[in-house]
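The file input-v6.cif contains mmCIF, C-alpha atoms and all ligand atoms:
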```cif
data_work
loop_
_atom_site.group_PDB
_atom_site.id
_atom_site.type_symbol
_atom_site.label_atom_id
_atom_site.label_comp_id
_atom_site.auth_asym_id
_atom_site.auth_seq_id
_atom_site.Cartn_x
_atom_site.Cartn_y
_atom_site.Cartn_z
ATOM 1 C CA MET A 11 -78.972 -58.140 33.927
ATOM 2 C CA GLY A 12 -75.609 -57.400 32.371
ATOM 3 C CA ARG A 13 -73.029 -60.003 31.383
ATOM 4 C CA ILE A 14 -69.294 -60.224 31.978
ATOM 5 C CA ARG A 15 -67.420 -60.118 28.621
ATOM 6 C CA PRO A 16 -64.029 -61.776 29.148
ATOM 7 C CA ASP A 17 -61.233 -61.242 26.652
ATOM 8 C CA PHE A 18 -58.949 -64.172 25.867
ATOM 9 C CA ALA A 19 -57.427 -62.821 22.637
ATOM 10 C CA ASP A 20 -53.816 -64.123 22.280
ATOM 11 C CA GLU A 21 -54.504 -66.906 24.810
ATOM 12 C CA THR A 22 -54.331 -70.606 23.993
ATOM 13 C CA VAL A 23 -56.880 -72.801 25.731
ATOM 14 C CA ILE A 24 -56.973 -76.607 25.763
ATOM 15 C CA VAL A 25 -60.313 -78.251 26.572
ATOM 16 C CA THR A 26 -60.276 -82.026 27.107
ATOM 17 C CA GLY A 27 -63.592 -83.726 26.424
ATOM 18 C CA GLY A 28 -64.238 -80.656 24.292
ATOM 19 C CA ALA A 29 -66.229 -82.461 21.590
ATOM 20 C CA SER A 30 -69.452 -82.768 23.553
ATOM 21 C CA GLY A 31 -71.687 -81.308 26.251
ATOM 22 C CA ILE A 32 -70.085 -78.968 28.767
ATOM 23 C CA GLY A 33 -66.647 -79.135 27.093
ATOM 24 C CA ARG A 34 -68.071 -78.138 23.716
ATOM 25 C CA GLU A 35 -69.851 -75.136 25.215
ATOM 26 C CA VAL A 36 -66.715 -74.137 27.153
ATOM 27 C CA SER A 37 -64.730 -74.350 23.876
ATOM 28 C CA LEU A 38 -67.274 -72.137 22.127
ATOM 29 C CA ARG A 39 -67.255 -69.555 24.894
ATOM 30 C CA PHE A 40 -63.455 -69.295 24.964
ATOM 31 C CA GLY A 41 -63.629 -68.977 21.165
ATOM 32 C CA ASP A 42 -66.205 -66.198 21.576
ATOM 33 C CA ALA A 43 -63.699 -64.466 23.800
ATOM 34 C CA GLY A 44 -61.096 -64.580 21.002
ATOM 35 C CA ALA A 45 -58.967 -67.498 22.218
ATOM 36 C CA THR A 46 -57.179 -70.168 20.233
ATOM 37 C CA VAL A 47 -59.025 -73.281 21.376
ATOM 38 C CA ILE A 48 -57.592 -76.766 21.109
ATOM 39 C CA VAL A 49 -60.412 -79.263 21.447
ATOM 40 C CA ALA A 50 -59.051 -82.584 22.709
ATOM 41 C CA ASP A 51 -61.185 -85.702 22.649
ATOM 42 C CA LEU A 52 -61.085 -89.403 21.911
ATOM 43 C CA ASP A 53 -62.171 -89.470 18.293
ATOM 44 C CA ASP A 54 -59.584 -89.386 15.525
ATOM 45 C CA GLU A 55 -61.991 -87.299 13.475
ATOM 46 C CA PRO A 56 -63.757 -84.304 14.926
ATOM 47 C CA LYS A 57 -67.380 -85.299 15.530
ATOM 48 C CA ASP A 58 -69.971 -83.737 13.216
ATOM 49 C CA ALA A 59 -70.854 -81.455 16.077
ATOM 50 C CA ASP A 60 -67.264 -80.153 16.173
ATOM 51 C CA VAL A 61 -67.442 -78.708 12.698
ATOM 52 C CA PRO A 62 -69.982 -76.037 13.647
ATOM 53 C CA THR A 63 -68.085 -75.591 16.925
ATOM 54 C CA HIS A 64 -64.881 -74.856 15.026
ATOM 55 C CA GLU A 65 -66.645 -72.636 12.515
ATOM 56 C CA ALA A 66 -68.357 -70.728 15.309
ATOM 57 C CA ILE A 67 -65.069 -70.262 17.176
ATOM 58 C CA GLU A 68 -63.430 -68.910 14.020
ATOM 59 C CA GLU A 69 -66.351 -66.678 13.070
ATOM 60 C CA ASN A 70 -65.976 -65.070 16.470
ATOM 61 C CA GLY A 71 -62.329 -64.289 15.923
ATOM 62 C CA GLY A 72 -60.938 -67.347 17.713
ATOM 63 C CA THR A 73 -58.853 -70.141 16.213
ATOM 64 C CA ALA A 74 -59.815 -73.788 16.591
ATOM 65 C CA ALA A 75 -57.885 -77.027 16.372
ATOM 66 C CA PHE A 76 -58.671 -80.629 17.223
ATOM 67 C CA VAL A 77 -56.123 -83.016 18.746
ATOM 68 C CA GLU A 78 -57.119 -86.629 19.270
ATOM 69 C CA THR A 79 -56.298 -87.388 22.895
ATOM 70 C CA ASP A 80 -57.047 -90.109 25.389
ATOM 71 C CA VAL A 81 -56.602 -88.446 28.781
ATOM 72 C CA THR A 82 -55.829 -91.749 30.482
ATOM 73 C CA ASP A 83 -52.510 -91.770 28.599
ATOM 74 C CA ARG A 84 -49.977 -89.279 29.954
ATOM 75 C CA GLU A 85 -47.876 -89.370 26.763
ATOM 76 C CA GLN A 86 -50.901 -88.300 24.724
ATOM 77 C CA LEU A 87 -51.485 -85.429 27.135
ATOM 78 C CA ARG A 88 -47.821 -84.430 26.736
ATOM 79 C CA SER A 89 -48.253 -84.378 22.939
ATOM 80 C CA LEU A 90 -51.415 -82.309 23.366
ATOM 81 C CA VAL A 91 -49.628 -79.689 25.448
ATOM 82 C CA GLU A 92 -46.753 -79.725 22.938
ATOM 83 C CA ALA A 93 -49.269 -79.094 20.131
ATOM 84 C CA ALA A 94 -50.226 -75.874 21.928
ATOM 85 C CA ARG A 95 -46.634 -74.586 21.519
ATOM 86 C CA GLU A 96 -47.437 -73.915 17.869
ATOM 87 C CA PHE A 97 -49.787 -71.237 19.232
ATOM 88 C CA GLY A 98 -47.399 -69.908 21.912
ATOM 89 C CA GLY A 99 -48.009 -72.532 24.603
ATOM 90 C CA VAL A 100 -50.978 -73.472 26.767
ATOM 91 C CA ASP A 101 -52.314 -70.570 28.830
ATOM 92 C CA VAL A 102 -55.455 -72.277 30.106
ATOM 93 C CA MET A 103 -55.765 -76.032 30.624
ATOM 94 C CA VAL A 104 -59.327 -77.251 31.098
ATOM 95 C CA ASN A 105 -59.314 -80.858 32.331
ATOM 96 C CA ASN A 106 -62.928 -81.695 31.600
ATOM 97 C CA ALA A 107 -63.116 -85.172 29.999
ATOM 98 C CA GLY A 108 -65.262 -87.447 32.104
ATOM 99 C CA LEU A 109 -67.002 -90.785 32.139
ATOM 100 C CA ILE A 110 -69.914 -92.126 34.155
ATOM 101 C CA VAL A 111 -71.114 -95.678 34.669
ATOM 102 C CA ASN A 112 -73.792 -96.050 37.281
ATOM 103 C CA GLY A 113 -74.048 -99.140 39.400
ATOM 104 C CA SER A 114 -74.658 -100.397 42.874
ATOM 105 C CA ILE A 115 -71.645 -100.912 45.120
ATOM 106 C CA LEU A 116 -73.036 -104.393 45.682
ATOM 107 C CA GLU A 117 -72.463 -105.363 42.064
ATOM 108 C CA LEU A 118 -70.027 -103.032 40.375
ATOM 109 C CA ASP A 119 -67.476 -104.625 38.068
ATOM 110 C CA PRO A 120 -63.898 -103.713 39.134
ATOM 111 C CA GLU A 121 -63.107 -102.913 35.489
ATOM 112 C CA ASP A 122 -65.787 -100.223 35.482
ATOM 113 C CA PHE A 123 -64.336 -98.767 38.662
ATOM 114 C CA ASP A 124 -60.875 -98.593 37.081
ATOM 115 C CA ALA A 125 -62.200 -97.139 33.807
ATOM 116 C CA ILE A 126 -64.022 -94.304 35.580
ATOM 117 C CA HIS A 127 -61.096 -93.477 37.818
ATOM 118 C CA ALA A 128 -58.657 -93.625 34.887
ATOM 119 C CA VAL A 129 -60.527 -90.862 33.042
ATOM 120 C CA ASN A 130 -61.975 -88.749 35.844
ATOM 121 C CA ALA A 131 -59.182 -88.864 38.424
ATOM 122 C CA LYS A 132 -55.978 -89.930 36.659
ATOM 123 C CA GLY A 133 -56.868 -87.922 33.541
ATOM 124 C CA VAL A 134 -57.189 -84.762 35.623
ATOM 125 C CA TYR A 135 -54.039 -85.564 37.603
ATOM 126 C CA PHE A 136 -51.971 -86.152 34.432
ATOM 127 C CA GLY A 137 -53.522 -83.163 32.659
ATOM 128 C CA THR A 138 -52.657 -80.920 35.585
ATOM 129 C CA GLN A 139 -49.153 -82.370 35.807
ATOM 130 C CA VAL A 140 -48.193 -81.982 32.139
ATOM 131 C CA ALA A 141 -49.755 -78.537 31.804
ATOM 132 C CA ALA A 142 -48.127 -77.255 35.000
ATOM 133 C CA ASN A 143 -44.702 -78.494 33.895
ATOM 134 C CA ASP A 144 -45.143 -76.627 30.620
ATOM 135 C CA MET A 145 -46.257 -73.451 32.411
ATOM 136 C CA LEU A 146 -43.298 -73.306 34.838
ATOM 137 C CA ASP A 147 -40.879 -70.393 34.632
ATOM 138 C CA ARG A 148 -43.094 -68.302 32.379
ATOM 139 C CA GLU A 149 -43.397 -64.582 32.887
ATOM 140 C CA ASP A 150 -47.173 -64.979 32.718
ATOM 141 C CA PRO A 151 -47.942 -68.385 34.229
ATOM 142 C CA GLY A 152 -50.982 -70.292 33.068
ATOM 143 C CA VAL A 153 -54.185 -71.346 34.743
ATOM 144 C CA ILE A 154 -55.754 -74.772 35.237
ATOM 145 C CA VAL A 155 -59.506 -75.348 35.532
ATOM 146 C CA ASN A 156 -60.782 -78.857 36.246
ATOM 147 C CA THR A 157 -64.290 -80.248 35.976
ATOM 148 C CA ALA A 158 -65.338 -81.579 39.361
ATOM 149 C CA SER A 159 -69.013 -82.235 40.171
ATOM 150 C CA ILE A 160 -71.730 -81.875 42.753
ATOM 151 C CA SER A 161 -70.591 -85.476 43.363
ATOM 152 C CA SER A 162 -67.222 -84.208 44.616
ATOM 153 C CA ASN A 163 -68.967 -83.355 47.876
ATOM 154 C CA THR A 164 -72.339 -85.099 47.814
ATOM 155 C CA ALA A 165 -73.205 -88.779 47.344
ATOM 156 C CA GLN A 166 -75.612 -89.575 44.500
ATOM 157 C CA PHE A 167 -77.714 -92.722 44.109
ATOM 158 C CA GLU A 168 -75.703 -95.715 42.793
ATOM 159 C CA GLN A 169 -72.687 -93.577 41.982
ATOM 160 C CA VAL A 170 -70.028 -94.558 44.518
ATOM 161 C CA GLN A 171 -67.461 -95.171 41.792
ATOM 162 C CA TYR A 172 -68.212 -91.851 40.061
ATOM 163 C CA ASP A 173 -68.517 -89.863 43.295
ATOM 164 C CA SER A 174 -65.165 -91.189 44.527
ATOM 165 C CA SER A 175 -63.483 -90.190 41.240
ATOM 166 C CA LYS A 176 -64.944 -86.690 41.498
ATOM 167 C CA GLY A 177 -63.950 -86.480 45.166
ATOM 168 C CA ALA A 178 -60.436 -87.136 43.886
ATOM 169 C CA VAL A 179 -60.766 -84.208 41.449
ATOM 170 C CA ARG A 180 -61.562 -81.924 44.383
ATOM 171 C CA MET A 181 -58.407 -82.962 46.236
ATOM 172 C CA ILE A 182 -56.199 -82.995 43.095
ATOM 173 C CA THR A 183 -57.362 -79.420 42.512
ATOM 174 C CA ARG A 184 -56.693 -78.307 46.075
ATOM 175 C CA GLY A 185 -53.383 -80.149 46.433
ATOM 176 C CA ALA A 186 -52.092 -78.888 43.082
ATOM 177 C CA ALA A 187 -53.230 -75.343 43.923
ATOM 178 C CA LEU A 188 -51.231 -75.482 47.142
ATOM 179 C CA GLU A 189 -48.104 -76.802 45.459
ATOM 180 C CA LEU A 190 -48.221 -74.650 42.330
ATOM 181 C CA ALA A 191 -49.080 -71.335 44.009
ATOM 182 C CA GLU A 192 -45.400 -70.463 44.429
ATOM 183 C CA HIS A 193 -45.050 -70.747 40.648
ATOM 184 C CA GLY A 194 -47.974 -68.387 40.104
ATOM 185 C CA ILE A 195 -50.130 -71.162 38.613
ATOM 186 C CA ARG A 196 -53.723 -71.108 39.836
ATOM 187 C CA VAL A 197 -55.746 -74.335 39.931
ATOM 188 C CA ASN A 198 -59.514 -74.318 40.405
ATOM 189 C CA ALA A 199 -62.506 -76.485 39.554
ATOM 190 C CA VAL A 200 -66.056 -76.015 38.402
ATOM 191 C CA ALA A 201 -68.576 -78.333 40.082
ATOM 192 C CA PRO A 202 -71.648 -78.672 37.851
ATOM 193 C CA GLY A 203 -74.900 -79.999 39.260
ATOM 194 C CA GLN A 204 -77.296 -81.926 37.029
ATOM 195 C CA ILE A 205 -76.632 -80.716 33.488
ATOM 196 C CA ALA A 206 -78.519 -82.093 30.493
ATOM 197 C CA THR A 207 -75.887 -83.569 28.132
ATOM 198 C CA GLU A 208 -75.122 -86.928 26.513
ATOM 199 C CA PHE A 209 -73.535 -87.733 29.842
ATOM 200 C CA THR A 210 -76.847 -88.432 31.545
ATOM 201 C CA GLU A 211 -77.384 -91.190 28.956
ATOM 202 C CA GLY A 212 -74.882 -93.151 31.066
ATOM 203 C CA TRP A 213 -77.342 -93.230 33.936
ATOM 204 C CA SER A 214 -79.018 -96.472 34.947
ATOM 205 C CA GLU A 215 -82.677 -97.014 34.137
ATOM 206 C CA GLU A 216 -83.527 -96.510 37.800
ATOM 207 C CA ALA A 217 -81.660 -93.209 37.959
ATOM 208 C CA HIS A 218 -83.525 -92.084 34.821
ATOM 209 C CA GLU A 219 -86.824 -93.053 36.410
ATOM 210 C CA ARG A 220 -85.938 -91.134 39.549
ATOM 211 C CA ALA A 221 -85.001 -88.092 37.485
ATOM 212 C CA GLN A 222 -88.279 -88.334 35.554
ATOM 213 C CA SER A 223 -90.268 -88.643 38.739
ATOM 214 C CA GLY A 224 -88.553 -85.518 40.001
ATOM 215 C CA ASP A 225 -86.500 -87.232 42.703
ATOM 216 C CA LEU A 226 -83.258 -85.830 41.356
ATOM 217 C CA ILE A 227 -84.625 -82.499 40.191
ATOM 218 C CA LYS A 228 -86.748 -81.708 43.245
ATOM 219 C CA PRO A 229 -83.943 -80.738 45.601
ATOM 220 C CA VAL A 230 -82.526 -78.145 43.178
ATOM 221 C CA PRO A 231 -83.478 -74.875 44.869
ATOM 222 C CA LEU A 232 -83.566 -73.010 41.555
ATOM 223 C CA GLY A 233 -86.070 -75.631 40.376
ATOM 224 C CA ARG A 234 -84.570 -77.006 37.161
ATOM 225 C CA ALA A 235 -81.725 -79.011 35.688
ATOM 226 C CA GLY A 236 -78.898 -76.932 34.205
ATOM 227 C CA THR A 237 -77.580 -76.584 30.656
ATOM 228 C CA PRO A 238 -73.987 -76.413 29.375
ATOM 229 C CA GLU A 239 -74.625 -72.681 28.791
ATOM 230 C CA ASP A 240 -75.341 -72.266 32.508
ATOM 231 C CA VAL A 241 -71.966 -73.737 33.397
ATOM 232 C CA ALA A 242 -69.528 -72.450 30.787
ATOM 233 C CA SER A 243 -68.938 -68.915 32.007
ATOM 234 C CA ALA A 244 -67.663 -70.221 35.365
ATOM 235 C CA TYR A 245 -64.663 -71.664 33.482
ATOM 236 C CA LEU A 246 -63.948 -68.321 31.830
ATOM 237 C CA TYR A 247 -64.203 -66.500 35.154
ATOM 238 C CA LEU A 248 -61.806 -68.885 36.924
ATOM 239 C CA ALA A 249 -59.356 -68.695 34.004
ATOM 240 C CA SER A 250 -59.480 -64.901 33.813
ATOM 241 C CA ASP A 251 -57.353 -62.275 35.544
ATOM 242 C CA ASP A 252 -60.522 -61.294 37.434
ATOM 243 C CA ALA A 253 -59.961 -64.473 39.458
ATOM 244 C CA ASP A 254 -56.297 -63.596 40.175
ATOM 245 C CA TYR A 255 -56.735 -64.174 43.907
ATOM 246 C CA VAL A 256 -58.767 -67.403 43.576
ATOM 247 C CA THR A 257 -57.042 -70.771 43.790
ATOM 248 C CA GLY A 258 -57.951 -74.206 45.153
ATOM 249 C CA GLU A 259 -61.623 -73.265 44.805
ATOM 250 C CA LEU A 260 -64.506 -75.542 43.800
ATOM 251 C CA LEU A 261 -67.114 -73.312 42.204
ATOM 252 C CA HIS A 262 -70.532 -74.993 42.266
ATOM 253 C CA VAL A 263 -72.832 -74.209 39.350
ATOM 254 C CA ASP A 264 -75.744 -76.356 40.380
ATOM 255 C CA GLY A 265 -78.831 -74.269 41.053
ATOM 256 C CA GLY A 266 -78.063 -74.488 44.771
ATOM 257 C CA TRP A 267 -78.083 -78.291 44.951
ATOM 258 C CA GLN A 268 -75.018 -78.487 47.210
ATOM 259 C CA ILE A 269 -76.844 -76.557 49.911
ATOM 260 C CA PHE A 270 -78.451 -79.820 51.083
HETATM 261 P P1 LIG B 301 -70.361 -85.623 27.647
HETATM 262 O O1 LIG B 301 -70.451 -87.107 27.648
HETATM 263 O O2 LIG B 301 -71.293 -84.832 26.806
HETATM 264 O O3 LIG B 301 -68.856 -85.177 27.336
HETATM 265 C C1 LIG B 301 -67.731 -85.861 27.855
HETATM 266 C C2 LIG B 301 -66.649 -85.844 26.799
HETATM 267 O O4 LIG B 301 -65.485 -86.472 27.370
HETATM 268 C C3 LIG B 301 -67.039 -86.659 25.536
HETATM 269 O O5 LIG B 301 -66.818 -85.887 24.373
HETATM 270 C C4 LIG B 301 -66.103 -87.856 25.603
HETATM 271 O O6 LIG B 301 -65.740 -88.351 24.319
HETATM 272 C C5 LIG B 301 -64.901 -87.277 26.360
HETATM 273 N N1 LIG B 301 -64.062 -88.317 26.943
HETATM 274 C C6 LIG B 301 -64.450 -89.407 27.654
HETATM 275 N N2 LIG B 301 -63.387 -90.164 27.956
HETATM 276 C C7 LIG B 301 -62.288 -89.553 27.423
HETATM 277 C C8 LIG B 301 -60.906 -89.858 27.391
HETATM 278 N N3 LIG B 301 -60.406 -90.979 27.939
HETATM 279 N N4 LIG B 301 -60.080 -88.988 26.772
HETATM 280 C C9 LIG B 301 -60.563 -87.857 26.173
HETATM 281 N N5 LIG B 301 -61.869 -87.530 26.161
HETATM 282 C C10 LIG B 301 -62.731 -88.372 26.777
HETATM 283 O O7 LIG B 301 -70.537 -85.210 29.191
HETATM 284 P P2 LIG B 301 -70.598 -83.773 29.927
HETATM 285 O O8 LIG B 301 -71.849 -83.775 30.715
HETATM 286 O O9 LIG B 301 -70.281 -82.658 29.012
HETATM 287 O O10 LIG B 301 -69.405 -83.996 30.966
HETATM 288 C C11 LIG B 301 -68.246 -83.189 30.968
HETATM 289 C C12 LIG B 301 -67.671 -83.191 32.368
HETATM 290 O O11 LIG B 301 -68.652 -82.662 33.262
HETATM 291 C C13 LIG B 301 -67.325 -84.585 32.914
HETATM 292 O O12 LIG B 301 -66.105 -84.514 33.630
HETATM 293 C C14 LIG B 301 -68.450 -84.887 33.876
HETATM 294 O O13 LIG B 301 -68.049 -85.756 34.910
HETATM 295 C C15 LIG B 301 -68.761 -83.506 34.397
HETATM 296 N N6 LIG B 301 -70.083 -83.351 34.974
HETATM 297 C C16 LIG B 301 -71.212 -83.534 34.222
HETATM 298 C C17 LIG B 301 -72.447 -83.368 34.833
HETATM 299 C C18 LIG B 301 -73.730 -83.542 34.073
HETATM 300 O O14 LIG B 301 -74.804 -83.595 34.711
HETATM 301 N N7 LIG B 301 -73.717 -83.603 32.753
HETATM 302 C C19 LIG B 301 -72.524 -83.021 36.190
HETATM 303 C C20 LIG B 301 -71.361 -82.847 36.917
HETATM 304 C C21 LIG B 301 -70.130 -83.021 36.291
#
```

Go ahead and express the file in the form of C-alpha cells.
Amino acid sequence: MGRIRPDFADETVIVTGGASGIGREVSLRFGDAGATVIVADLDDEPKDADVPTHEAIEENGGTAAFVETDVTDREQLRSLVEAAREFGGVDVMVNNAGLIVNGSILELDPEDFDAIHAVNAKGVYFGTQVAANDMLDREDPGVIVNTASISSNTAQFEQVQYDSSKGAVRMITRGAALELAEHGIRVNAVAPGQIATEFTEGWSEEAHERAQSGDLIKPVPLGRAGTPEDVASAYLYLASDDADYVTGELLHVDGGWQIF
C-alpha cells in the first residue's frame, strides 16, 4: 500500500514528552517531513536517545532543538512557546507528555491522583492555552494536537485516576476546538490504544500479568499491541492541511480496541 508523505518544511512543531516513546517517534516523523522540531521534556539534558533523534531529524532536512520543560508549570510552557519564536513561532503544538500510575480506587494516594492530573489534564490545558494565545491573529493560524487515549472513552483495570485525566483531555480538546474555531485554530487529539513504550513500565504487576496472559491484548481486533510507529502518522495527518475541515476530533489508533 502507498503512504501519505506530508510536507512540514518551514513549519515549527513543539512536541511535549518528546524524549521518549510516542513523542519521540512523532518528533522524528515531523523531522522527516522537514519541520523544525522542538522536543520538550523534563530532563535538563537531552536523554541519550535524543541525540540520535536530533541527528535523524537533521539528516532528514529538519532542525531539532531541546527545551527543558515541565508541563505542569504554565510559565515553563510560556517560555517553550517563546523559544519557538526564534524559528518563526509555533505552527503545531503537540501536547503529548503523560504520566501513569496504576492503582485501585480503594487505595489510591491522593498525591498520585494530583500528580497524574497535573501532567495529563492540566499540562494539556496549559499547553493548549499558551499555544493558542501565541497563534491568535496570525494569517496562517496554527494547529494543536493532543495525546488522549483509549482511556478517554473506555475504563481500564485499576486506572480510574489515569482514565479520568484522559477523559479530561477529550473534553479539553473538544471545548478548545469549539472556542478557537473562530480564530482558525484547529484542536484535535490522537487516542492511542495499547502501545509498547516505557510507559507500560508504570503498570502494576497485576496489569502486567493480565497483559502477559492476553487479557489486555485479546480484545484488540487487529490482534496485537501497537508501536509508536503505528501512532505517529495520525499526528501528522491532524496537523496537516489535509485535515483542514477536522476539529474537535479524537482519532483512535488502537487496532480497533474502542469498538468494544
Ligand atoms: P513515555 O513514558 O515513553 O513518554 C512520556 C514522556 O513524557 C517521557 O519522556 C516523560 O519524561 C515525559 N513527561 C512526563 N511528565 C512530564 C512533565 N511534567 N513535563 C514534561 N514531560 C513530561 O510514554 P508514551 O507511551 O510515549 O506516552 C506518551 C503519551 O501517550 C502519554 O500522554 C500517554 O498517556 C499516552 N498514551 C500512551 C499509551 C501507551 O500504551 N503507551 C496509550 C495511550 C495513551

| said: Can you pull out every residue with an atom within 6 Å of ligand LIG 301 (chain B)? Use only C-alpha atoms and all ligand atoms and format it as JSON, numbers by chain. | reply: {"A": [26, 27, 28, 29, 30, 31, 32, 33, 51, 52, 79, 80, 81, 82, 106, 107, 108, 109, 129, 157, 158, 159, 160, 202, 203, 204, 205, 206, 207, 208, 209, 210]}

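We find CA of Ile115 (chain A) and CA of Ala131 (chain A) to be spaced 18.6 Å apart.
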
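Going from CA of Ala191 (chain A) to CA of Val77 (chain A) covers 28.7 Å.
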
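Separating CA of Asp251 (chain A) from CA of Pro16 (chain A) is a distance of 9.3 Å.
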
Can you list, as a short mmCIF file (atom, residue, chain, number, x, y, z; two decimals) with C-alpha atoms, in the frame of the given file, every protein, DNA or RNA residue that comes within 7 Å of Val47 (chain A) when you count all atoms listed in the file, leaving out same-chain residues fewer than 5 positions away?
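In the end it all went to around-v3.cif:
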```cif
data_model
loop_
_atom_site.label_atom_id
_atom_site.label_comp_id
_atom_site.auth_asym_id
_atom_site.auth_seq_id
_atom_site.Cartn_x
_atom_site.Cartn_y
_atom_site.Cartn_z
CA THR A 22 -54.33 -70.61 23.99
CA VAL A 23 -56.88 -72.80 25.73
CA ILE A 24 -56.97 -76.61 25.76
CA SER A 37 -64.73 -74.35 23.88
CA PHE A 40 -63.46 -69.30 24.96
CA GLY A 41 -63.63 -68.98 21.16
CA THR A 73 -58.85 -70.14 16.21
CA ALA A 74 -59.82 -73.79 16.59
CA ALA A 75 -57.88 -77.03 16.37
#
```

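With distances restricted to all atoms listed in the file, A:Ala43 is the closest residue to Ile14 (chain A) from A:Val36, A:Ala43, A:Ala142, A:Val49.
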
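Residue nearest Val100 (chain A) within the list A:Val25, A:Ala165, A:Ile67, A:Ile126: A:Val25 [criterion: smallest interatomic distance, all atoms listed in the file].
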
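Among the candidate residues A:Asn143, A:Asp240, A:Asn70, A:Asn163, the one lying nearest to Ile269 (chain A) is A:Asn163, with distances computed using all atoms listed in the file.
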
Expected selection from the PyMOL selection byres (((chain A and resi 172) around 10) and not hetatm), given as a compact mmCIF listing (two decimals) with C-alpha atoms, in the coordinates of the input:
```txt
# COMPACT_ATOMS: atom_id res chain seq x y z
CA GLY A 108 -65.26 -87.45 32.10
CA LEU A 109 -67.00 -90.78 32.14
CA ILE A 110 -69.91 -92.13 34.16
CA VAL A 111 -71.11 -95.68 34.67
CA ASN A 112 -73.79 -96.05 37.28
CA GLY A 113 -74.05 -99.14 39.40
CA ASP A 122 -65.79 -100.22 35.48
CA PHE A 123 -64.34 -98.77 38.66
CA ILE A 126 -64.02 -94.30 35.58
CA HIS A 127 -61.10 -93.48 37.82
CA ASN A 130 -61.98 -88.75 35.84
CA ALA A 131 -59.18 -88.86 38.42
CA SER A 159 -69.01 -82.24 40.17
CA SER A 161 -70.59 -85.48 43.36
CA SER A 162 -67.22 -84.21 44.62
CA ALA A 165 -73.20 -88.78 47.34
CA GLN A 166 -75.61 -89.58 44.50
CA GLU A 168 -75.70 -95.72 42.79
CA GLN A 169 -72.69 -93.58 41.98
CA VAL A 170 -70.03 -94.56 44.52
CA GLN A 171 -67.46 -95.17 41.79
CA ASP A 173 -68.52 -89.86 43.30
CA SER A 174 -65.17 -91.19 44.53
CA SER A 175 -63.48 -90.19 41.24
CA LYS A 176 -64.94 -86.69 41.50
CA GLY A 177 -63.95 -86.48 45.17
CA ALA A 178 -60.44 -87.14 43.89
```

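Using only C-alpha atoms, the nearest neighbour of Val263 (chain A) within the list A:Ala244, A:Ala249, A:Gly233, A:Glu65 is A:Ala244.
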